[in-house]
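Step one of this worksheet: look at the structure below.
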Protein chains: 4
Amino acid sequence: MTGIFQAATTALLLALLIVPASAQSRPRARDLGIPFNGTPGPLDAITDVAGVEVGFTTLIAGEGPLVVGKGPVRTGVTAILPRGRASADPVFAGFFSQNGNGEMTGTHWIKESGFLDGPIMITNTHSVGVVRDAVIAWQVQHGFVPRTSSVEGAWWSMPVVAETYDGFPLNDVNGFHVKPEHAFAAIDGARSGLPAEGNVGGGTGMICYEFKGGTGTSSRRVETAAGTYTIGVLVQCNCGLREQLTVGGVSVGREISAEQAPRSARAGAASDDVGSIIIIVATDTPLLPTQLERLARRATMGLARTGSSSGNYSGDIFLAFSTANAEAVKKPVANVQMFSNDLIGPLFEATAQATEEAILNAMVGAETMTGIDGHKVTALPHDRLREVLKKYNRLAK
Amino acid sequence: MTGIFQAATTALLLALLIVPASAQSRPRARDLGIPFNGTPGPLDAITDVAGVEVGFTTLIAGEGPLVVGKGPVRTGVTAILPRGRASADPVFAGFFSQNGNGEMTGTHWIKESGFLDGPIMITNTHSVGVVRDAVIAWQVQHGFVPRTSSVEGAWWSMPVVAETYDGFPLNDVNGFHVKPEHAFAAIDGARSGLPAEGNVGGGTGMICYEFKGGTGTSSRRVETAAGTYTIGVLVQCNCGLREQLTVGGVSVGREISAEQAPRSARAGAASDDVGSIIIIVATDTPLLPTQLERLARRATMGLARTGSSSGNYSGDIFLAFSTANAEAVKKPVANVQMFSNDLIGPLFEATAQATEEAILNAMVGAETMTGIDGHKVTALPHDRLREVLKKYNRLAK
Amino acid sequence: MTGIFQAATTALLLALLIVPASAQSRPRARDLGIPFNGTPGPLDAITDVAGVEVGFTTLIAGEGPLVVGKGPVRTGVTAILPRGRASADPVFAGFFSQNGNGEMTGTHWIKESGFLDGPIMITNTHSVGVVRDAVIAWQVQHGFVPRTSSVEGAWWSMPVVAETYDGFPLNDVNGFHVKPEHAFAAIDGARSGLPAEGNVGGGTGMICYEFKGGTGTSSRRVETAAGTYTIGVLVQCNCGLREQLTVGGVSVGREISAEQAPRSARAGAASDDVGSIIIIVATDTPLLPTQLERLARRATMGLARTGSSSGNYSGDIFLAFSTANAEAVKKPVANVQMFSNDLIGPLFEATAQATEEAILNAMVGAETMTGIDGHKVTALPHDRLREVLKKYNRLAK
Amino acid sequence: MTGIFQAATTALLLALLIVPASAQSRPRARDLGIPFNGTPGPLDAITDVAGVEVGFTTLIAGEGPLVVGKGPVRTGVTAILPRGRASADPVFAGFFSQNGNGEMTGTHWIKESGFLDGPIMITNTHSVGVVRDAVIAWQVQHGFVPRTSSVEGAWWSMPVVAETYDGFPLNDVNGFHVKPEHAFAAIDGARSGLPAEGNVGGGTGMICYEFKGGTGTSSRRVETAAGTYTIGVLVQCNCGLREQLTVGGVSVGREISAEQAPRSARAGAASDDVGSIIIIVATDTPLLPTQLERLARRATMGLARTGSSSGNYSGDIFLAFSTANAEAVKKPVANVQMFSNDLIGPLFEATAQATEEAILNAMVGAETMTGIDGHKVTALPHDRLREVLKKYNRLAK
């Protein structure tokens, strides 16, 4: 088994993987001795922020040639519920587009209102629409009324759905294999605990620095004069050229590239960064929307430390939210807490650190995958990575 | 007949109205003597900008009580093709969100790249997703490859789909009655000539200043030192309180309101502006993306002249594009033309003027509509409007 | 006396006018019967927002030909202190640039931090620098330490200084006649009560819709479910073409223009809007920075109602602040209040209304002024204005 | 001599250093074996972009205790002239604020018009005003009329002046020692060739990663399908905590910190990044304003590679301009060239690379400086730096 589920029939197999065994048994980035700064939370995951729940629907089916509408299928849906499934209370949020060759719906209202209302969904580029409307259908079915955008008796919803691209060489992206029930399953399956990493959910068919990419997560605990807070990050990582890949400050991609030629990750991609990265930052710090936008802007700095310079074809869109200030909405005048800008610097640094680690967790957690016509996208080789780090005296253990 | 098509069965009736007779026979705003500044183009429509094509799918079916998924249905889809169906050449574009309680997908890439690639679609709030993915499916079927976002052999698409809300009291918005084929039909039916106004396309179920709203269009010809250019505007108008409605500078809404109480346009809407307005500005002036964003920002000023102050619940998102500078994309270094900022002032004024007139064309062109449980949304009464304008010596004819 | 103080010598005469008699004796816009919507505060001024203080330094000296560095001088400085001179406590703030052909320093930090720290100064275009550094010098002299941008023991200041242009035909703008002491005087002279209007402070040499412009103010009281709040506006108005001028919805400028040709307000200005408008919005509503930016964006809609479409040469930059949430800064976690977005619509409308009235107060309050080589800028003729409004049955009294 | 000029009197000594011998004799970052990616231009400086000229005024005088208005003085002014002194032709430009705790005037108009008109000046925080107005005075004196903002016969100017803070422990920032003639001298002294680095111009009193900072520059040549282009960067570097300093991917700051305690760079600065960085990016690639904003946004990624996460107190504001498209202004319709977004990725990477190197050039080029009360800010020790890089096998030579 190489991490590719081989379905016996062409019918799609819906595999809802919350914490798949394969992910559990694989080491994470710091297990390999990659050096990181800062102190992670207990899970080293976005779910270290209390209340945050994550769910995945992973779709892996079919092999052989591309038949649009038939497969092969290597895709999925990720759902992040800021306050978990039990709560319809919106959160303060802010976003930043470092390079807008991507989609994240719902951002006009986040920018306007300061609130994020409902789950954050991440899927493939051509399934944003179906997932968006499915979130509304889910809200209709569950009597969930968005609280920020609408008035009583006439509610409307503007779901947040982001994407990265998983077409050739892995997935039949124009086959529209993601269906509403896959979005429902990701939401309904969301839970706390360590999320799966690598080839799961929206990250299933992703490619990162021309190795296999996917979903990754990390967290940092930050001691401040106002108490200890947590920053959690989850990425769907699909960006970068191999020669850019930087681990622990070392140009690992160049070294490994020398002896193991990258498969052209995307047709025509040899000359540029074809892919994207969605970065979700969660915190329990009582930050206002303005401050969360600041946090989102620091995700760029973590991304930069892994080597990317946000190429033209990369949709690098980042969203930050805070689980503090519950029930701030729908009161004529709400009492809210505001964390001091004077103390925010360490949160910026923690965001950069957790972003860097989440990206490497996605890559370390991913397994080699074959897709269309047997095209293979190789996982970052753990042993070679350690060798290169050792050469530069950068192994943390 | 009052403009409401009464379907004999609950099955949806797909009526593709390009230039419906009813719209043709109805007067437009300036026919009623409403005073406007500036000189319109031959059609006084967005299609005065050469190449622009507009198509509608109008869905009207069912009566009686609301049964989610059954109806009544009063909704639709509008398609605007900047260079018409024959061209896959993108256009320079810029957008502006005056109040982001709304959705317009695809804007991250417009802001990043300066290009708009593909059609502009407008529908209801809860059908943005299905229309978005349908645009991609249409592109797949027609071999249309977006030219700005992707590389050869690995293309992805980020369609631009905007919305305004048409739920209670007219449409079963949570019934998801818009299907992919309705989006296809709007695109395939797009053509030049005078577009229908009022209850058509995405504007079918709209309410504006607590009268019946919908789709409206207008244009201005602008003489400049660099030649004569056209500004065309199309709106999907669903915003405003009756007391705000201003026509020719006269607070018409207050005067009419006194004798003809508004039906609560939206449940709970008595106290605020519940609705939205999408404004699309087209021009043949060779404006760069930065300049088109400036143009989009002037739509606010035309909107303001009709009385709105962009209430919290109003998604007022504006998009401007230029049909000049064809084939600017995919050349290593393209020769493009830039209109001088020094001459741009009259284009700003023309945008405000055409926006004002397009909104009033939507209202004048709309007919009274009944929806859920027989709720009726009354059209702006033409005779009363003329009486009020006459009282203030504002009739242009 | 025509409102021009004729200094006996070429030495500058520093006239610190808080509530000059001439301004007091002149009617305000609503005294003339101009119709306005909404309910003003007791003073119909920005100072209806408790705590706000306004000070002016007005510089009028010299006549005859332009001698750069000698005069004639028709300029000044306006200071707005959000919490008055007694307080160094910053306020939440947000800004918006409708057309950025202008300067407002300090906005990078307002956008980043959400706070406005120190006074808001408005002067002429070429004196922004001297006023900016003078604010810092004033802070040094008074032991005023900006609280948001800096740490203890190493403070820096990023003053907010805006401008509109008062060169030909009135003022020797390149003579740099504004000195640090003029900025000090405006700050030190700030007080509550009705501010002067018309040819005072930074507004001294301004031209608006090709009539004499200047400083104007207005306010609105807004009843909400959370209590009654005040919106106050102060403008420094220097924008617009006469043909655009709209009062009470009537194209007054066109009517008056027909019989009283405008003096070319600015050389070369015949074809476009050469000038600018700075709009400051104050409120006691507990709005967060995100919400104040929304408020600032509504100033556009009030401006639009007076006829402008923000021409290329107009620097239309707007700043909104809230005096609520005192002492929100420098606490590790501050308890702040947030007004509901659900109730904010009437504040938007009030901002548009007060902006419209403040502009007309600036014009009605201004007196005809002669400047360089005897060039005369005529005040809006009150009697003709009333005649035109009467013609359109728009006189409120 | 330790690089501190000891003036014999308290009178200011104006030292106009174009290419000071001390800077020439010092090694640059790559001379020390610091590894960099990419290919620099002949000078490895912003002046590799043809036409760009740089001038400095360096003010170093006084010792001993701080007497406000007397000194010690360690400050200056930097001028960057995009097309050199001989040209008044504006350039396309775009900017980005990664953390707006800083000032850069003139940006509203850059964002609005897409043009940068006049020189770019960089000085200390409290001298932005004097330098701003001095630029206007220089324009008046030289008959230089800004071409983008104004009409014939009524010109106004909105100079671009940025800053970083040089107060305690080096400079009497509240003494306002920068005078108009210092700004004039920087402009008049601008020339091509290798600019001085380290303690020169606006960078004189700067501190970077708690070592001595200042002015640094670098460049990259980029081969593209449309020809070879140059990216040049100049930074005024005053940001960062020592523990963040990263060189060649190695946490150099932590290693050196262990044995050589940092002097508190700024009072109270122990816990956060107190300082700022201004990054100016020049290119000869024919980029439109939208594209230059994209370039500016990549400066963040170069900054991130040196370890910063843009702390709360850091004013990290970046400006990019293109010297292509000469004479694009003042024509009714100008023919301009647009470089393809498809090819822009390598320019992004080059911007990040040149930014990283420019920062390290500023640090390597700076010399230890003593200031107020003999406080000493230590230069980055070249030998220790090499030792640490060698430990991690990262020495390029």
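Numbering starts fresh at 1 for the residues of each chain in the structure tokens, the chains themselves are lettered A, B, ... in the order given, and ligands are numbered from 1 as they appear.
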Which residues come within 6 Å of C:Cys208, counting only C-alpha atoms, excluding same-chain residues fewer than 6 positions away, as a list in words?
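With the cut-off at 6 Å, the set is Cys237, Asn238, Cys239 and Gly240 of chain C.
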Proximal residues of chain A relative to chain B (only C-alpha atoms; 8 Å) as a PyMOL selection string:
chain A and resi 97+99-106+108-113+125-133+136-137+140+149-154+156-158+165+167-168+174+266-269+313
Take the residues from that selection and put them in a file with N, CA and C atoms, as a compact mmCIF listing (two decimals), in the first residue's frame.
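Output contents, as saved in again.txt:
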# COMPACT_ATOMS: atom_id res chain seq x y z
N SER A 97 -5.00 38.48 1.05
CA SER A 97 -4.64 37.80 -0.18
C SER A 97 -3.22 38.19 -0.57
N ASN A 99 -1.46 36.49 -2.86
CA ASN A 99 -1.51 36.39 -4.33
C ASN A 99 -2.84 35.77 -4.71
N GLY A 100 -3.67 36.59 -5.35
CA GLY A 100 -5.08 36.22 -5.50
C GLY A 100 -5.40 35.33 -6.68
N ASN A 101 -4.51 34.47 -7.09
CA ASN A 101 -4.83 33.50 -8.13
C ASN A 101 -5.52 32.31 -7.47
N GLY A 102 -6.67 32.62 -6.88
CA GLY A 102 -7.40 31.60 -6.15
C GLY A 102 -8.76 32.13 -5.78
N GLU A 103 -9.51 31.30 -5.14
CA GLU A 103 -10.85 31.69 -4.73
C GLU A 103 -10.99 31.47 -3.23
N MET A 104 -11.58 32.42 -2.57
CA MET A 104 -12.12 32.23 -1.24
C MET A 104 -13.39 33.05 -1.23
N THR A 105 -14.51 32.37 -1.26
CA THR A 105 -15.78 33.10 -1.29
C THR A 105 -16.07 33.67 0.10
N GLY A 106 -17.00 34.59 0.15
CA GLY A 106 -17.48 35.11 1.44
C GLY A 106 -16.61 36.20 2.03
N HIS A 108 -16.00 39.33 1.01
CA HIS A 108 -16.52 40.70 1.02
C HIS A 108 -17.23 40.99 2.36
N TRP A 109 -17.95 40.02 2.83
CA TRP A 109 -18.71 40.22 4.07
C TRP A 109 -17.80 40.14 5.30
N ILE A 110 -16.80 39.30 5.27
CA ILE A 110 -15.84 39.27 6.37
C ILE A 110 -15.16 40.63 6.50
N LYS A 111 -14.76 41.18 5.38
CA LYS A 111 -14.09 42.48 5.42
C LYS A 111 -15.03 43.57 5.91
N GLU A 112 -16.28 43.47 5.48
CA GLU A 112 -17.24 44.52 5.82
C GLU A 112 -17.68 44.43 7.28
N SER A 113 -18.00 43.23 7.71
CA SER A 113 -18.65 43.05 9.02
C SER A 113 -17.67 42.72 10.12
N THR A 125 -10.45 23.54 -6.92
CA THR A 125 -10.82 24.78 -7.59
C THR A 125 -12.19 24.71 -8.26
N HIS A 126 -12.48 23.60 -8.88
CA HIS A 126 -13.71 23.53 -9.67
C HIS A 126 -14.90 23.00 -8.88
N SER A 127 -14.73 22.82 -7.58
CA SER A 127 -15.84 22.37 -6.74
C SER A 127 -16.25 23.40 -5.70
N VAL A 128 -15.73 24.60 -5.84
CA VAL A 128 -16.08 25.64 -4.86
C VAL A 128 -17.59 25.90 -4.86
N GLY A 129 -18.19 25.90 -6.05
CA GLY A 129 -19.61 26.23 -6.14
C GLY A 129 -20.49 25.21 -5.46
N VAL A 130 -20.25 23.96 -5.76
CA VAL A 130 -21.10 22.92 -5.18
C VAL A 130 -20.97 22.89 -3.66
N VAL A 131 -19.75 23.11 -3.19
CA VAL A 131 -19.56 23.11 -1.73
C VAL A 131 -20.24 24.33 -1.11
N ARG A 132 -20.14 25.47 -1.80
CA ARG A 132 -20.77 26.70 -1.29
C ARG A 132 -22.28 26.51 -1.10
N ASP A 133 -22.94 26.09 -2.15
CA ASP A 133 -24.39 25.93 -2.04
C ASP A 133 -24.74 24.81 -1.07
N ILE A 136 -25.11 26.06 2.37
CA ILE A 136 -26.43 26.68 2.58
C ILE A 136 -27.49 25.60 2.79
N ALA A 137 -27.44 24.57 1.94
CA ALA A 137 -28.40 23.48 2.09
C ALA A 137 -28.28 22.83 3.47
N VAL A 140 -29.92 25.08 5.88
CA VAL A 140 -31.38 24.96 5.77
C VAL A 140 -31.85 23.71 6.50
N SER A 149 -25.37 38.37 8.59
CA SER A 149 -25.66 39.02 7.32
C SER A 149 -27.12 39.40 7.17
N SER A 150 -27.99 38.85 7.98
CA SER A 150 -29.40 38.87 7.65
C SER A 150 -30.24 39.35 8.81
N VAL A 151 -31.51 39.58 8.50
CA VAL A 151 -32.48 39.93 9.54
C VAL A 151 -33.36 38.73 9.82
N GLU A 152 -34.08 38.82 10.90
CA GLU A 152 -35.00 37.75 11.25
C GLU A 152 -35.99 37.50 10.12
N GLY A 153 -36.20 36.27 9.80
CA GLY A 153 -37.24 35.93 8.85
C GLY A 153 -36.82 36.05 7.40
N ALA A 154 -35.66 36.59 7.16
CA ALA A 154 -35.16 36.69 5.78
C ALA A 154 -33.67 36.53 5.81
N TRP A 156 -29.99 35.11 4.66
CA TRP A 156 -29.21 34.62 3.53
C TRP A 156 -27.83 34.26 4.04
N SER A 157 -27.11 33.56 3.26
CA SER A 157 -25.84 33.01 3.72
C SER A 157 -24.78 33.24 2.65
N MET A 158 -23.59 33.56 3.10
CA MET A 158 -22.49 33.75 2.16
C MET A 158 -21.29 32.92 2.62
N TYR A 165 -5.84 23.77 -6.49
CA TYR A 165 -6.11 23.02 -7.72
C TYR A 165 -5.50 21.63 -7.68
N GLY A 167 -5.94 19.30 -10.52
CA GLY A 167 -6.08 18.65 -11.83
C GLY A 167 -4.85 17.83 -12.17
N PHE A 168 -4.58 17.70 -13.44
CA PHE A 168 -3.46 16.90 -13.89
C PHE A 168 -2.24 17.13 -13.02
N ASN A 174 -12.15 18.36 -13.77
CA ASN A 174 -13.30 18.79 -14.56
C ASN A 174 -14.43 17.76 -14.57
N ARG A 266 2.72 19.87 -12.57
CA ARG A 266 1.59 20.28 -13.41
C ARG A 266 2.14 20.44 -14.81
N ALA A 267 1.38 20.07 -15.78
CA ALA A 267 1.81 20.27 -17.16
C ALA A 267 2.18 21.73 -17.34
N GLY A 268 3.35 21.95 -17.91
CA GLY A 268 3.76 23.32 -18.18
C GLY A 268 4.26 24.05 -16.96
N ALA A 269 4.41 23.35 -15.87
CA ALA A 269 4.71 24.03 -14.63
C ALA A 269 6.20 24.19 -14.37
N TYR A 313 0.94 32.03 -10.40
CA TYR A 313 -0.13 31.04 -10.51
C TYR A 313 -0.60 30.50 -9.17
Return as number ranges by chain the full set of residues in stretch 130-360 of chain C whose backbone-based DSSP assignment is strand (DSSP E).
C: 160-164, 207-208, 211-212, 214-224, 227-237, 274-283, 313-322, 333-339
Name the residues in contact with stretch 180-196 of chain C at a cut-off of 7 Å, using only C-alpha atoms, excluding same-chain residues fewer than 5 positions from it; report them as a list of chain:residue names.
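Returned residues: C:Ile18, C:Val19, C:Pro20, C:Ala23, C:Leu43, C:Ala45, C:Thr47, C:Val52, C:Glu53, C:Val54, C:Gly55, C:Phe56, C:Thr57, C:Val77, C:Thr78, C:Ala79, C:Val130, C:Val131, C:Ala134, C:Trp138.
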How would the residues just picked look written out with N, CA, C and O atoms as a compact mmCIF listing (two decimals), in the first residue's frame?
# COMPACT_ATOMS: atom_id res chain seq x y z
N ILE C 18 -12.00 81.87 16.67
CA ILE C 18 -12.72 80.69 17.15
C ILE C 18 -14.16 80.74 16.65
O ILE C 18 -14.62 79.88 15.92
N VAL C 19 -14.87 81.76 17.03
CA VAL C 19 -16.23 81.93 16.51
C VAL C 19 -16.33 83.37 16.02
O VAL C 19 -16.84 84.24 16.72
N PRO C 20 -15.84 83.63 14.86
CA PRO C 20 -15.78 85.02 14.40
C PRO C 20 -17.18 85.58 14.22
O PRO C 20 -18.10 84.89 13.82
N ALA C 23 -19.03 85.12 10.93
CA ALA C 23 -19.62 83.81 10.69
C ALA C 23 -20.92 83.67 11.47
O ALA C 23 -21.90 83.13 10.98
N LEU C 43 -26.13 72.07 18.18
CA LEU C 43 -25.30 73.04 17.45
C LEU C 43 -25.30 72.79 15.95
O LEU C 43 -24.81 73.62 15.19
N ALA C 45 -23.39 70.71 14.51
CA ALA C 45 -21.94 70.83 14.31
C ALA C 45 -21.23 69.60 14.84
O ALA C 45 -21.78 68.84 15.65
N THR C 47 -19.09 69.45 16.91
CA THR C 47 -18.92 69.59 18.36
C THR C 47 -20.14 69.15 19.14
O THR C 47 -20.13 69.17 20.37
N VAL C 52 -15.41 66.69 21.49
CA VAL C 52 -14.73 67.17 20.29
C VAL C 52 -14.51 68.68 20.38
O VAL C 52 -15.42 69.44 20.70
N GLU C 53 -13.29 69.10 20.12
CA GLU C 53 -12.96 70.51 20.09
C GLU C 53 -12.34 70.87 18.74
O GLU C 53 -11.62 70.07 18.14
N VAL C 54 -12.62 72.08 18.31
CA VAL C 54 -12.14 72.55 17.01
C VAL C 54 -11.46 73.90 17.17
O VAL C 54 -11.97 74.78 17.89
N GLY C 55 -10.31 74.04 16.54
CA GLY C 55 -9.61 75.33 16.58
C GLY C 55 -9.14 75.73 15.19
O GLY C 55 -8.90 74.86 14.34
N PHE C 56 -9.01 77.03 14.99
CA PHE C 56 -8.60 77.55 13.68
C PHE C 56 -7.51 78.58 13.83
O PHE C 56 -7.53 79.39 14.76
N THR C 57 -6.62 78.59 12.88
CA THR C 57 -5.76 79.75 12.66
C THR C 57 -6.02 80.21 11.23
O THR C 57 -5.88 79.41 10.29
N VAL C 77 -4.98 77.00 9.22
CA VAL C 77 -4.87 75.67 9.81
C VAL C 77 -6.11 75.39 10.64
O VAL C 77 -6.57 76.28 11.38
N THR C 78 -6.62 74.17 10.51
CA THR C 78 -7.74 73.72 11.34
C THR C 78 -7.26 72.56 12.20
O THR C 78 -6.53 71.70 11.71
N ALA C 79 -7.68 72.57 13.45
CA ALA C 79 -7.34 71.46 14.35
C ALA C 79 -8.62 70.86 14.91
O ALA C 79 -9.50 71.59 15.37
N VAL C 130 5.06 71.15 7.43
CA VAL C 130 5.33 72.01 8.58
C VAL C 130 4.33 71.75 9.70
O VAL C 130 4.69 71.73 10.88
N VAL C 131 3.08 71.53 9.32
CA VAL C 131 2.06 71.27 10.34
C VAL C 131 2.31 69.92 10.99
O VAL C 131 2.18 69.76 12.21
N ALA C 134 5.13 70.22 13.34
CA ALA C 134 4.71 71.11 14.44
C ALA C 134 3.87 70.35 15.47
O ALA C 134 3.97 70.62 16.67
N TRP C 138 4.75 70.21 19.28
CA TRP C 138 3.75 70.53 20.32
C TRP C 138 3.65 69.40 21.32
O TRP C 138 3.56 69.63 22.54
Residues near D:Ala379, cut-off 6 Å, only C-alpha atoms, skip fewer than 3 positions along chain, as an MDAnalysis selection string
chainID D and resid 211:212 367:368
Could the residues in this selection be written to a file with N, CA and C atoms, as a compact mmCIF listing (two decimals), in the first residue's frame?
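Listed below is the output, result_24.txt:
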# COMPACT_ATOMS: atom_id res chain seq x y z
N PHE D 211 21.64 44.93 16.05
CA PHE D 211 22.98 45.36 15.64
C PHE D 211 22.82 46.71 14.94
N LYS D 212 23.93 47.31 14.59
CA LYS D 212 23.83 48.57 13.85
C LYS D 212 23.26 48.29 12.46
N GLU D 367 28.83 50.42 10.65
CA GLU D 367 29.89 50.34 11.65
C GLU D 367 29.33 50.69 13.02
N THR D 368 29.97 50.17 14.02
CA THR D 368 29.56 50.44 15.39
C THR D 368 29.46 51.95 15.60
If I take atom CA of A:Val73 and atom CA of B:Val161, how far is one from the other in Å, to one decimal?
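Calculated distance between atom CA of A:Val73 and atom CA of B:Val161 is 26.6 Å.
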Residues within 7 Å of B:Pro286, please, as a ChimeraX atom specification. Count only C-alpha atoms; anything in the same chain fewer than 2 positions from it doesn't count.
/B:284,288,322,324-325,337-339
Neighbour list for C:Arg74 as a PyMOL selection string, cut-off 10 Å, only C-alpha atoms, skip fewer than 3 positions in-chain:
chain C and resi 4-5+58-63+71+124+166-167+169-173+177+199-206+369-372
Distance of atom CA of A:Leu395 from atom CA of D:Ile256, expressed in Å to one decimal place
19.3 Å
